[in-house]
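Data block below; observations after.
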Amino acid sequence: MQRTQLARRTIALVTVLLLSAGIADAQTKIKAGFNLFSPQDDVNVGQQSSVQAERQLPMLNDAQTNAYLNRIGQRLAANAGGPQFQYHFRVVNQSDINAFALPGGFVYVNRGVIDTASNEGELAGVVAHEISHVALRHGTHQASKAYLAQAGISILGGLLGGHVGAGAAQIINTVGGIGLNAVFLKYSRDLETQADIRGAQIMAASGYNPSNMVSFFQKLERVDTSKKTNWMSDHPAPPDRIARIQQEQRVLRVSGNAPQNVAELQGVQGRLRGYGAAPSAGQIARQSAAPSQSRGRAASPTPVTVNVPAPSTQMKTFVNPTRLYSVSIPANWQVYQQGNTGATFAPQGGIGTVNGQSDMVVGAIINHYDPFGNANSLQGSSSGGGYYGNISVQDATNDLIATVQRSSPYLQVVSGSQRQMRVNGGTALSAALRGRDPNTGLDERITVVTRQLSDEHLVYILFITPERDASRYANVLNTMASSLQISNAAH
């Protein structure tokens with residue numbers, strides 16, 4: 001009898017463990033986009049931005065209310081994942097139903113959110129969403145993309161590998177500065193969906209029911225518009241977003257009994273009423289964040305003159321310092337090292353300064369790339385679009401191409417140019433882009449060649465020539481692509 005009972009308990013325990021493992025595996029795996037900042041940069045940027053934000057916003061300096069929010073926030077933050085940020089939670093004395101997070105763990109919730117919530121779980125849903133933006137590093141991810149869009153293709157070799165040659169401070173200043181910078185506050189639909197999904201996962205792991213996130217979304221659709229529900233406008237919540245949260249909820253397992261704590265919330269709401277009506281955003285004079293200073297590119301009235309020596313028929317081998325890859329290049333091309341992974345190769349005169357800007361007219365860039373930064377490029381892709389696991393080489397290459405086009409929007413993919421090739425026992429993809437560079441005035445051709453690593457990242461070559469000389473350099477490009485050898489280890 002005892003053996004039978006022990007066997008039953010053992011079977012039950014194994015069943016629970018298997019179900020738990022199945023649930024964990026069923027959760028959507030979210031892949032953060034590329035980032036030029038380190039996690040410590042996030043903290044530094046967030047700390048400086050929070051000081052400015054708190055000077056501009058009417059902070060609610062009520063110890064009990066802030067302690068209540070902090071208790072909920074810290075419970076959720078314990079399951080945030082990502083870098084081990086120290087999270088800080090503050091209440092803003094503002095009636096708008098809104099919340100936002102700054103890089104590095106600084107989360108702000110408007111009093112209007114607390115006033116509108118019906119239970120602790122609804123408030124936790126808003127906080128979990130904002131924690132997700134921090135943990136996935138969406139703020140500095142967007143700053144990285146904004147900077148890349150202004151950097152120009154000539155320095156992609158140094159940027160896409162994650163090497164911040166210019167320094168975090170210069171990048172932040174370029175995209176609008178610290179404080180309430182829109183780059184930290186307004187996200188794309190894809191990033192908001194990421195925060196919804198990850199927020200639901202954090203809620204479940206913390207003992208809250210993700211259905212409370214859904215109920216708060218639904219409540220915002222019915223709330224009095226005079227309350228100016230900015231959390232809806234900044235974080236659009238159409239039915240498909242609600243449906244996506246519900247879809248994720250079905251594969252999540254809530255740890256323990258989900259707390260409602262209605263009485264405690266109502267006590268806090270009563271305490272807030274004692275402060276009188278909170279002002280709205282329209283009544284608060286905010287100091288505008290410094291506008292983004294876009295460099296732009298000055299158009300040349302006539303194309304620049306290209307005067308470079310013909311590529312040598314002799315090749316030399318370049319080996320990356322980390323031994324991630326090796327590649328053959330013409331013996332008369334110079335090597336410009338860009339950090340640990342990126343390198344630029346060009347003949348004498350292939351890189352120069354045009355209209356005060358560094359530009360490449362002949363040469364090649366090779367580097368490591370971590371997708372995805374451009375989910376919109378994946379619509380109709382084999383993975384169905386988005387930032388979630390099982391990234392194919394085609395999807396990753398499409399994302400890289402979208403990044404190149406973001407930095408140089410004059411480039412368009414040449415129809416029919418995408419093809420697959422075998423190089424050194426592996427599969428490579430290639431595609432060509434062309435367009436008139438507004439800085440040099442030249443019709444330019446960029447050929448992209450990619451190889452995928454075991455961690456789904458890429459090693460890529462960007463081969464750059466004037467369009468009129470593309471056929472003359474075809475053999476050089478083919479030799480480089482064929483000679484590319486990579487380590488298949490994760491990076």
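Note on naming: chains are A, B, ... as they come in the structure tokens, residues start from 1 per chain, ligands start from 1 in the order shown.
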
Exercise. Residues at most 8 Å from stretch 464-468 of chain A, counting only C-alpha atoms, excluding those fewer than 3 positions away in the same chain, as a ChimeraX atom specification?
Worked result: /A:360-364,434,442-447,471,473

Got time to write the residues from that selection, N, CA and C atoms, as an mmCIF file, in the first residue's frame?
```cif
data_model
loop_
_atom_site.group_PDB
_atom_site.id
_atom_site.type_symbol
_atom_site.label_atom_id
_atom_site.label_comp_id
_atom_site.auth_asym_id
_atom_site.auth_seq_id
_atom_site.Cartn_x
_atom_site.Cartn_y
_atom_site.Cartn_z
ATOM 1 N N MET A 360 32.263 56.331 -48.464
ATOM 2 C CA MET A 360 32.990 55.292 -49.190
ATOM 3 C C MET A 360 32.422 55.184 -50.595
ATOM 4 N N VAL A 361 33.295 55.163 -51.588
ATOM 5 C CA VAL A 361 32.848 55.000 -52.970
ATOM 6 C C VAL A 361 33.256 53.651 -53.541
ATOM 7 N N VAL A 362 34.369 53.085 -53.053
ATOM 8 C CA VAL A 362 34.813 51.752 -53.440
ATOM 9 C C VAL A 362 35.361 51.056 -52.204
ATOM 10 N N GLY A 363 34.903 49.835 -51.958
ATOM 11 C CA GLY A 363 35.434 49.103 -50.820
ATOM 12 C C GLY A 363 34.432 48.096 -50.292
ATOM 13 N N ALA A 364 34.750 47.537 -49.140
ATOM 14 C CA ALA A 364 33.892 46.521 -48.541
ATOM 15 C C ALA A 364 33.907 46.650 -47.029
ATOM 16 N N ARG A 434 20.781 49.488 -55.091
ATOM 17 C CA ARG A 434 21.391 50.585 -55.827
ATOM 18 C C ARG A 434 20.574 51.858 -55.640
ATOM 19 N N LEU A 442 26.888 60.073 -56.906
ATOM 20 C CA LEU A 442 27.167 58.885 -57.701
ATOM 21 C C LEU A 442 26.014 57.886 -57.620
ATOM 22 N N ASP A 443 25.757 57.203 -58.738
ATOM 23 C CA ASP A 443 24.879 56.043 -58.713
ATOM 24 C C ASP A 443 25.690 54.902 -58.099
ATOM 25 N N GLU A 444 25.202 54.375 -57.009
ATOM 26 C CA GLU A 444 25.976 53.468 -56.168
ATOM 27 C C GLU A 444 25.344 52.074 -56.176
ATOM 28 N N ARG A 445 26.174 51.041 -56.080
ATOM 29 C CA ARG A 445 25.675 49.672 -55.940
ATOM 30 C C ARG A 445 26.266 49.068 -54.659
ATOM 31 N N ILE A 446 25.384 48.487 -53.843
ATOM 32 C CA ILE A 446 25.800 47.800 -52.617
ATOM 33 C C ILE A 446 25.384 46.342 -52.762
ATOM 34 N N THR A 447 26.328 45.429 -52.708
ATOM 35 C CA THR A 447 26.011 44.005 -52.717
ATOM 36 C C THR A 447 26.167 43.469 -51.302
ATOM 37 N N SER A 471 30.446 45.758 -62.734
ATOM 38 C CA SER A 471 30.912 44.568 -63.455
ATOM 39 C C SER A 471 32.425 44.420 -63.361
ATOM 40 N N TYR A 473 34.261 45.040 -60.847
ATOM 41 C CA TYR A 473 34.650 44.523 -59.530
ATOM 42 C C TYR A 473 33.978 43.184 -59.209
#
```

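Residue nearest A:Leu57, chosen from A:Ile172, A:Ala205, A:Ala432, A:Val109 and counting only C-alpha atoms: A:Val109.
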
Exercise. Could you name the residues that touch A:Ala169 at 12 Å or less, counting only C-alpha atoms, but leaving out those on the same chain fewer than 6 positions away, as an MDAnalysis selection string?
Worked result: chainID A and resid 36:37 41:42 44:45 48 140 143:144 147 175:178

Mind dumping the selected residues with N, CA and C atoms as a PDB file, in the first residue's frame?
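Writing the result to result.pdb gives the following:
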```
ATOM      1  N   LEU A  36      23.473  49.592 -29.503  1.00  0.00           N
ATOM      2  CA  LEU A  36      24.829  50.130 -29.474  1.00  0.00           C
ATOM      3  C   LEU A  36      25.290  50.457 -28.064  1.00  0.00           C
ATOM      4  N   PHE A  37      24.400  50.307 -27.085  1.00  0.00           N
ATOM      5  CA  PHE A  37      24.696  50.667 -25.709  1.00  0.00           C
ATOM      6  C   PHE A  37      24.934  49.421 -24.865  1.00  0.00           C
ATOM      7  N   ASP A  41      25.376  51.563 -19.788  1.00  0.00           N
ATOM      8  CA  ASP A  41      24.970  52.792 -20.485  1.00  0.00           C
ATOM      9  C   ASP A  41      23.493  53.069 -20.250  1.00  0.00           C
ATOM     10  N   ASP A  42      22.660  52.017 -20.294  1.00  0.00           N
ATOM     11  CA  ASP A  42      21.222  52.190 -20.022  1.00  0.00           C
ATOM     12  C   ASP A  42      21.014  52.830 -18.659  1.00  0.00           C
ATOM     13  N   ASN A  44      23.151  54.623 -16.859  1.00  0.00           N
ATOM     14  CA  ASN A  44      23.643  56.005 -16.839  1.00  0.00           C
ATOM     15  C   ASN A  44      22.683  56.953 -17.540  1.00  0.00           C
ATOM     16  N   VAL A  45      22.190  56.534 -18.723  1.00  0.00           N
ATOM     17  CA  VAL A  45      21.236  57.359 -19.466  1.00  0.00           C
ATOM     18  C   VAL A  45      19.954  57.534 -18.664  1.00  0.00           C
ATOM     19  N   GLN A  48      20.393  59.966 -15.582  1.00  0.00           N
ATOM     20  CA  GLN A  48      20.429  61.369 -15.995  1.00  0.00           C
ATOM     21  C   GLN A  48      19.062  61.830 -16.496  1.00  0.00           C
ATOM     22  N   THR A 140      17.058  52.304 -25.454  1.00  0.00           N
ATOM     23  CA  THR A 140      18.356  52.466 -26.118  1.00  0.00           C
ATOM     24  C   THR A 140      18.395  51.726 -27.452  1.00  0.00           C
ATOM     25  N   ALA A 143      17.118  54.384 -29.636  1.00  0.00           N
ATOM     26  CA  ALA A 143      18.159  55.399 -29.801  1.00  0.00           C
ATOM     27  C   ALA A 143      19.226  54.902 -30.772  1.00  0.00           C
ATOM     28  N   SER A 144      19.556  53.608 -30.695  1.00  0.00           N
ATOM     29  CA  SER A 144      20.540  53.026 -31.614  1.00  0.00           C
ATOM     30  C   SER A 144      20.052  53.115 -33.051  1.00  0.00           C
ATOM     31  N   TYR A 147      20.112  56.733 -34.302  1.00  0.00           N
ATOM     32  CA  TYR A 147      21.471  57.171 -34.612  1.00  0.00           C
ATOM     33  C   TYR A 147      21.957  56.540 -35.908  1.00  0.00           C
ATOM     34  N   VAL A 175      20.471  62.037 -31.089  1.00  0.00           N
ATOM     35  CA  VAL A 175      19.070  61.647 -31.281  1.00  0.00           C
ATOM     36  C   VAL A 175      18.106  62.414 -30.390  1.00  0.00           C
ATOM     37  N   GLY A 176      18.576  63.439 -29.692  1.00  0.00           N
ATOM     38  CA  GLY A 176      17.634  64.294 -28.965  1.00  0.00           C
ATOM     39  C   GLY A 176      17.953  64.552 -27.519  1.00  0.00           C
ATOM     40  N   GLY A 177      18.985  63.923 -26.961  1.00  0.00           N
ATOM     41  CA  GLY A 177      19.385  64.211 -25.596  1.00  0.00           C
ATOM     42  C   GLY A 177      18.633  63.397 -24.557  1.00  0.00           C
ATOM     43  N   ILE A 178      19.004  63.607 -23.302  1.00  0.00           N
ATOM     44  CA  ILE A 178      18.391  62.885 -22.194  1.00  0.00           C
ATOM     45  C   ILE A 178      17.096  63.569 -21.772  1.00  0.00           C
TER      46      ILE A 178
END
```

For this session: Provide the atom CA of A:Val448 to atom CA of A:Pro309 distance in Å, to one decimal place.
Result: 23.0 Å

For this session: Might you pull out every residue within 8 Å of A:Ala481, with only C-alpha atoms counted and same-chain residues fewer than 6 positions away left off, and present them as a PyMOL selection string?
Result: chain A and resi 327+423+449+461

For this session: Identify all residues of stretch 312-475 of chain A in strand (DSSP E or B) (DSSP on the backbone) and supply them as a PyMOL selection string.
Result: chain A and resi 315-319+325-330+334-338+342-346+351-354+357-360+363-369+388+412-413+419-423+426-436+443-452+458-466

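With only C-alpha atoms as the basis for measurement, A:Leu102 is the residue among A:Ala135, A:Ala243, A:Leu102, A:Ile97 that approaches A:Gln47 most closely.
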
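Closest approach to A:Arg451 among A:Leu324, A:Gly267, A:Tyr275, A:Thr193: A:Leu324, based on only C-alpha atoms.
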
Problem set entry | d(atom CA of A:Thr450, atom CA of A:Leu429) in Å |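 Atom CA of A:Leu429 lies at a distance of 5.3 Å from atom CA of A:Thr450.
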
Exercise. So, counting only C-alpha atoms, which residue among A:Ala124, A:Val251, A:Ile30, A:Leu180 is closest to A:Gln52?
Worked result: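 That would be A:Leu180, the residue with the smallest distance to A:Gln52.
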
Problem set entry | Which residue of A:Ser215, A:Gln420, A:Thr440, A:Ser430 approaches A:Asn119 most closely, using only C-alpha atoms | A:Ser215
